[in-house]
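Contents: one structure, followed by commentary.
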Amino acid sequence: MTTDYNAFTRQLMSDIRENGRPTSGPMAGRPLMILTTTGARSGEQRSAVVTYTRDGDRYVIAASKSGAPTNPAWYFNLLANPKVSVEADKETFAATARVTEGEERDRLWDQHAAERPEFRDYPQKTSRVIPVIVLERAS
């Protein structure tokens, strides 16, 4: 059986936009957002579905790529252009992305992995330190 990942992603985005989070399929009920970045090279809008946790009012995402040896494309986009759009919990808002470091990064990673257990194994799959990013609403 082959999976059409583009069709799967389009359906997932539609579900998130309509219901605030996925309501059917393997991702049902998971805290997923649509993160829209500006392409680092193209300057075009690029949307990706990412898992998030919360730290107070901030959204926390990890550039895990399931423990792959490289960071996801959206990570390089937000490094080049930290102004992003977030669609989560039935709302859309502008945010600023900031890569965390040191104790803050470690605390947020531990919290993220505690809430999303599938992330616990990712550091063992790669030699890179998985970036943890906070998204803060633009004022």
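In the structure tokens, chains take letters A, B, ... by order of appearance, with residues numbered from 1 within each chain and ligands from 1 in the order shown.
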Original post:
Which residues come within 7 Å of Met33 (chain A), counting only C-alpha atoms, excluding same-chain residues fewer than 5 positions away, as number ranges by chain?
Top reply: A: 49-52, 86-88
**OP:** Name the residues of region 14-127 of chain A that come out as helix (DSSP H, G or I) in a backbone DSSP run; write them as a count of residues only.
**Re:** 41
Subject >> Contacts of Pro69 (chain A) at 10 Å (only C-alpha atoms; same-chain gap of 2+ positions) as number ranges by chain >> reply: A: 64-67, 71-72, 123, 125-130
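Near Leu12 (chain A), within 10 Å and counting only C-alpha atoms, sit Asn6, Ala7, Phe8, Thr9, Asp15, Ile16, Arg17, Glu18, Arg21, Pro22, Thr23, Ser24, Gly25, Met27, Ala28, Leu32, Met33, Ile34 and Val49 of chain A; same-chain residues fewer than 3 positions away were not included.
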So that I have them on file, write out the residues from the current selection with N, CA, C and O atoms, as a short mmCIF file (atom, residue, chain, number, x, y, z; two decimals), in the first residue's frame.
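The resulting again_24.cif:
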```cif
data_model
loop_
_atom_site.label_atom_id
_atom_site.label_comp_id
_atom_site.auth_asym_id
_atom_site.auth_seq_id
_atom_site.Cartn_x
_atom_site.Cartn_y
_atom_site.Cartn_z
N ASN A 6 1.07 14.01 0.33
CA ASN A 6 0.54 15.35 0.05
C ASN A 6 -0.96 15.40 0.27
O ASN A 6 -1.48 16.35 0.87
N ALA A 7 -1.66 14.37 -0.18
CA ALA A 7 -3.12 14.32 0.04
C ALA A 7 -3.42 14.18 1.53
O ALA A 7 -4.35 14.82 2.04
N PHE A 8 -2.65 13.36 2.22
CA PHE A 8 -2.83 13.18 3.67
C PHE A 8 -2.64 14.52 4.39
O PHE A 8 -3.45 14.89 5.25
N THR A 9 -1.58 15.26 4.02
CA THR A 9 -1.31 16.54 4.65
C THR A 9 -2.40 17.55 4.34
O THR A 9 -2.83 18.30 5.23
N ASP A 15 -8.79 19.54 8.19
CA ASP A 15 -9.39 19.14 9.47
C ASP A 15 -8.99 20.11 10.58
O ASP A 15 -9.82 20.53 11.39
N ILE A 16 -7.72 20.50 10.63
CA ILE A 16 -7.25 21.45 11.65
C ILE A 16 -7.95 22.79 11.48
O ILE A 16 -8.40 23.41 12.45
N ARG A 17 -8.04 23.25 10.24
CA ARG A 17 -8.69 24.55 9.98
C ARG A 17 -10.16 24.52 10.35
O ARG A 17 -10.70 25.48 10.88
N GLU A 18 -10.82 23.40 10.09
CA GLU A 18 -12.25 23.29 10.35
C GLU A 18 -12.58 23.03 11.82
O GLU A 18 -13.54 23.58 12.35
N ARG A 21 -8.26 20.99 15.54
CA ARG A 21 -7.27 19.91 15.61
C ARG A 21 -7.84 18.71 14.87
O ARG A 21 -9.02 18.69 14.57
N PRO A 22 -7.02 17.73 14.54
CA PRO A 22 -7.52 16.59 13.76
C PRO A 22 -8.62 15.83 14.50
O PRO A 22 -8.53 15.62 15.70
N THR A 23 -9.64 15.41 13.74
CA THR A 23 -10.77 14.70 14.34
C THR A 23 -10.90 13.27 13.83
O THR A 23 -11.73 12.52 14.33
N SER A 24 -10.10 12.91 12.81
CA SER A 24 -10.19 11.55 12.28
C SER A 24 -8.81 11.07 11.85
O SER A 24 -7.87 11.86 11.76
N GLY A 25 -8.72 9.78 11.60
CA GLY A 25 -7.46 9.21 11.15
C GLY A 25 -6.46 9.04 12.27
O GLY A 25 -6.78 9.23 13.45
N MET A 27 -4.09 10.77 13.38
CA MET A 27 -3.70 11.96 14.15
C MET A 27 -4.84 12.53 14.97
O MET A 27 -4.69 13.59 15.60
N ALA A 28 -5.98 11.87 14.99
CA ALA A 28 -7.16 12.38 15.69
C ALA A 28 -6.84 12.76 17.14
O ALA A 28 -6.21 11.99 17.87
N LEU A 32 -1.98 19.47 17.04
CA LEU A 32 -1.24 19.82 15.83
C LEU A 32 -1.62 21.22 15.38
O LEU A 32 -2.78 21.62 15.52
N MET A 33 -0.66 21.93 14.83
CA MET A 33 -0.90 23.26 14.30
C MET A 33 -0.42 23.31 12.86
O MET A 33 0.36 22.46 12.42
N ILE A 34 -0.89 24.33 12.16
CA ILE A 34 -0.35 24.64 10.84
C ILE A 34 0.58 25.83 11.05
O ILE A 34 0.15 26.89 11.50
N VAL A 49 2.51 20.98 9.00
CA VAL A 49 1.79 20.55 10.19
C VAL A 49 2.82 20.12 11.22
O VAL A 49 3.70 19.30 10.92
#
```
**OP:** Step one, run DSSP on the backbone; step two, keep only residues of region 5-137 of chain A assigned to strand (DSSP E); then write them as a PyMOL selection string.
**Re:** chain A and resi 32-38+45-51+53-55+58-62+83-88+91-99+132-137
Residue contacts of Leu135 (chain A) (8 Å, only C-alpha atoms) excluding same-chain residues fewer than 6 positions away, as an mmCIF file with N, CA and C atoms, in the first residue's frame:
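This is the output file out35.cif:
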```
data_model
loop_
_atom_site.group_PDB
_atom_site.id
_atom_site.type_symbol
_atom_site.label_atom_id
_atom_site.label_comp_id
_atom_site.auth_asym_id
_atom_site.auth_seq_id
_atom_site.Cartn_x
_atom_site.Cartn_y
_atom_site.Cartn_z
ATOM 1 N N ARG A 58 2.779 30.667 25.471
ATOM 2 C CA ARG A 58 3.608 30.365 24.312
ATOM 3 C C ARG A 58 3.343 28.959 23.783
ATOM 4 N N TYR A 59 3.476 28.830 22.478
ATOM 5 C CA TYR A 59 3.438 27.514 21.850
ATOM 6 C C TYR A 59 4.880 27.042 21.709
ATOM 7 N N VAL A 60 5.107 25.749 21.912
ATOM 8 C CA VAL A 60 6.443 25.167 21.836
ATOM 9 C C VAL A 60 6.426 24.087 20.764
ATOM 10 N N ILE A 61 7.392 24.180 19.844
ATOM 11 C CA ILE A 61 7.536 23.169 18.805
ATOM 12 C C ILE A 61 8.986 22.703 18.785
ATOM 13 N N ALA A 95 2.944 35.296 14.881
ATOM 14 C CA ALA A 95 3.828 35.009 16.009
ATOM 15 C C ALA A 95 5.271 35.239 15.580
ATOM 16 N N THR A 96 6.126 35.334 16.592
ATOM 17 C CA THR A 96 7.562 35.420 16.364
ATOM 18 C C THR A 96 8.186 34.148 16.923
ATOM 19 N N ALA A 97 9.010 33.510 16.096
ATOM 20 C CA ALA A 97 9.680 32.274 16.489
ATOM 21 C C ALA A 97 11.058 32.602 17.061
ATOM 22 N N ARG A 98 11.389 31.889 18.146
ATOM 23 C CA ARG A 98 12.701 32.062 18.764
ATOM 24 C C ARG A 98 13.242 30.689 19.159
#
```
Original post:
From the list A:Asp55, A:Thr70, A:Ser139, A:Ala94, which residue is nearest His112 (chain A) when using only C-alpha atoms?
Top reply: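 So, comparing all the options, the nearest one is A:Asp55.
Comparing A:Tyr122, A:Thr92, A:Ala62, A:Pro117 by their smallest distance to Val134 (chain A), the closest is A:Ala62 (using only C-alpha atoms).
Nearest to Ala138 (chain A) of all the residues A:Ser85, A:Gln45, A:Val99, A:Gln124 is A:Ser85, counting only C-alpha atoms.
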**OP:** Rounded to one decimal place, report the CA of Arg120 (chain A)-CA of Trp74 (chain A) distance in Å.
**Re:**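 Calculated distance between CA of Arg120 (chain A) and CA of Trp74 (chain A) is 21.2 Å.
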Subject >> Of the listed residues A:Ala48, A:Asp89, A:Tyr5, A:Gly56, that which approaches Asn19 (chain A) most closely, counting only C-alpha atoms >> reply: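 Distance minimum relative to Asn19 (chain A) lands on A:Asp89.
When only C-alpha atoms are used to compute distances to Gly43 (chain A), the closest of the residues A:Leu78, A:Ser14, A:Gly20, A:Gly102 turns out to be A:Leu78.
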Original post:
Of the candidates A:Arg54, A:Arg46, A:Arg41, A:Arg137, which one gets nearest to Glu115 (chain A) if we count only C-alpha atoms?
Top reply: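 Smallest separation from Glu115 (chain A) among the options: A:Arg54.
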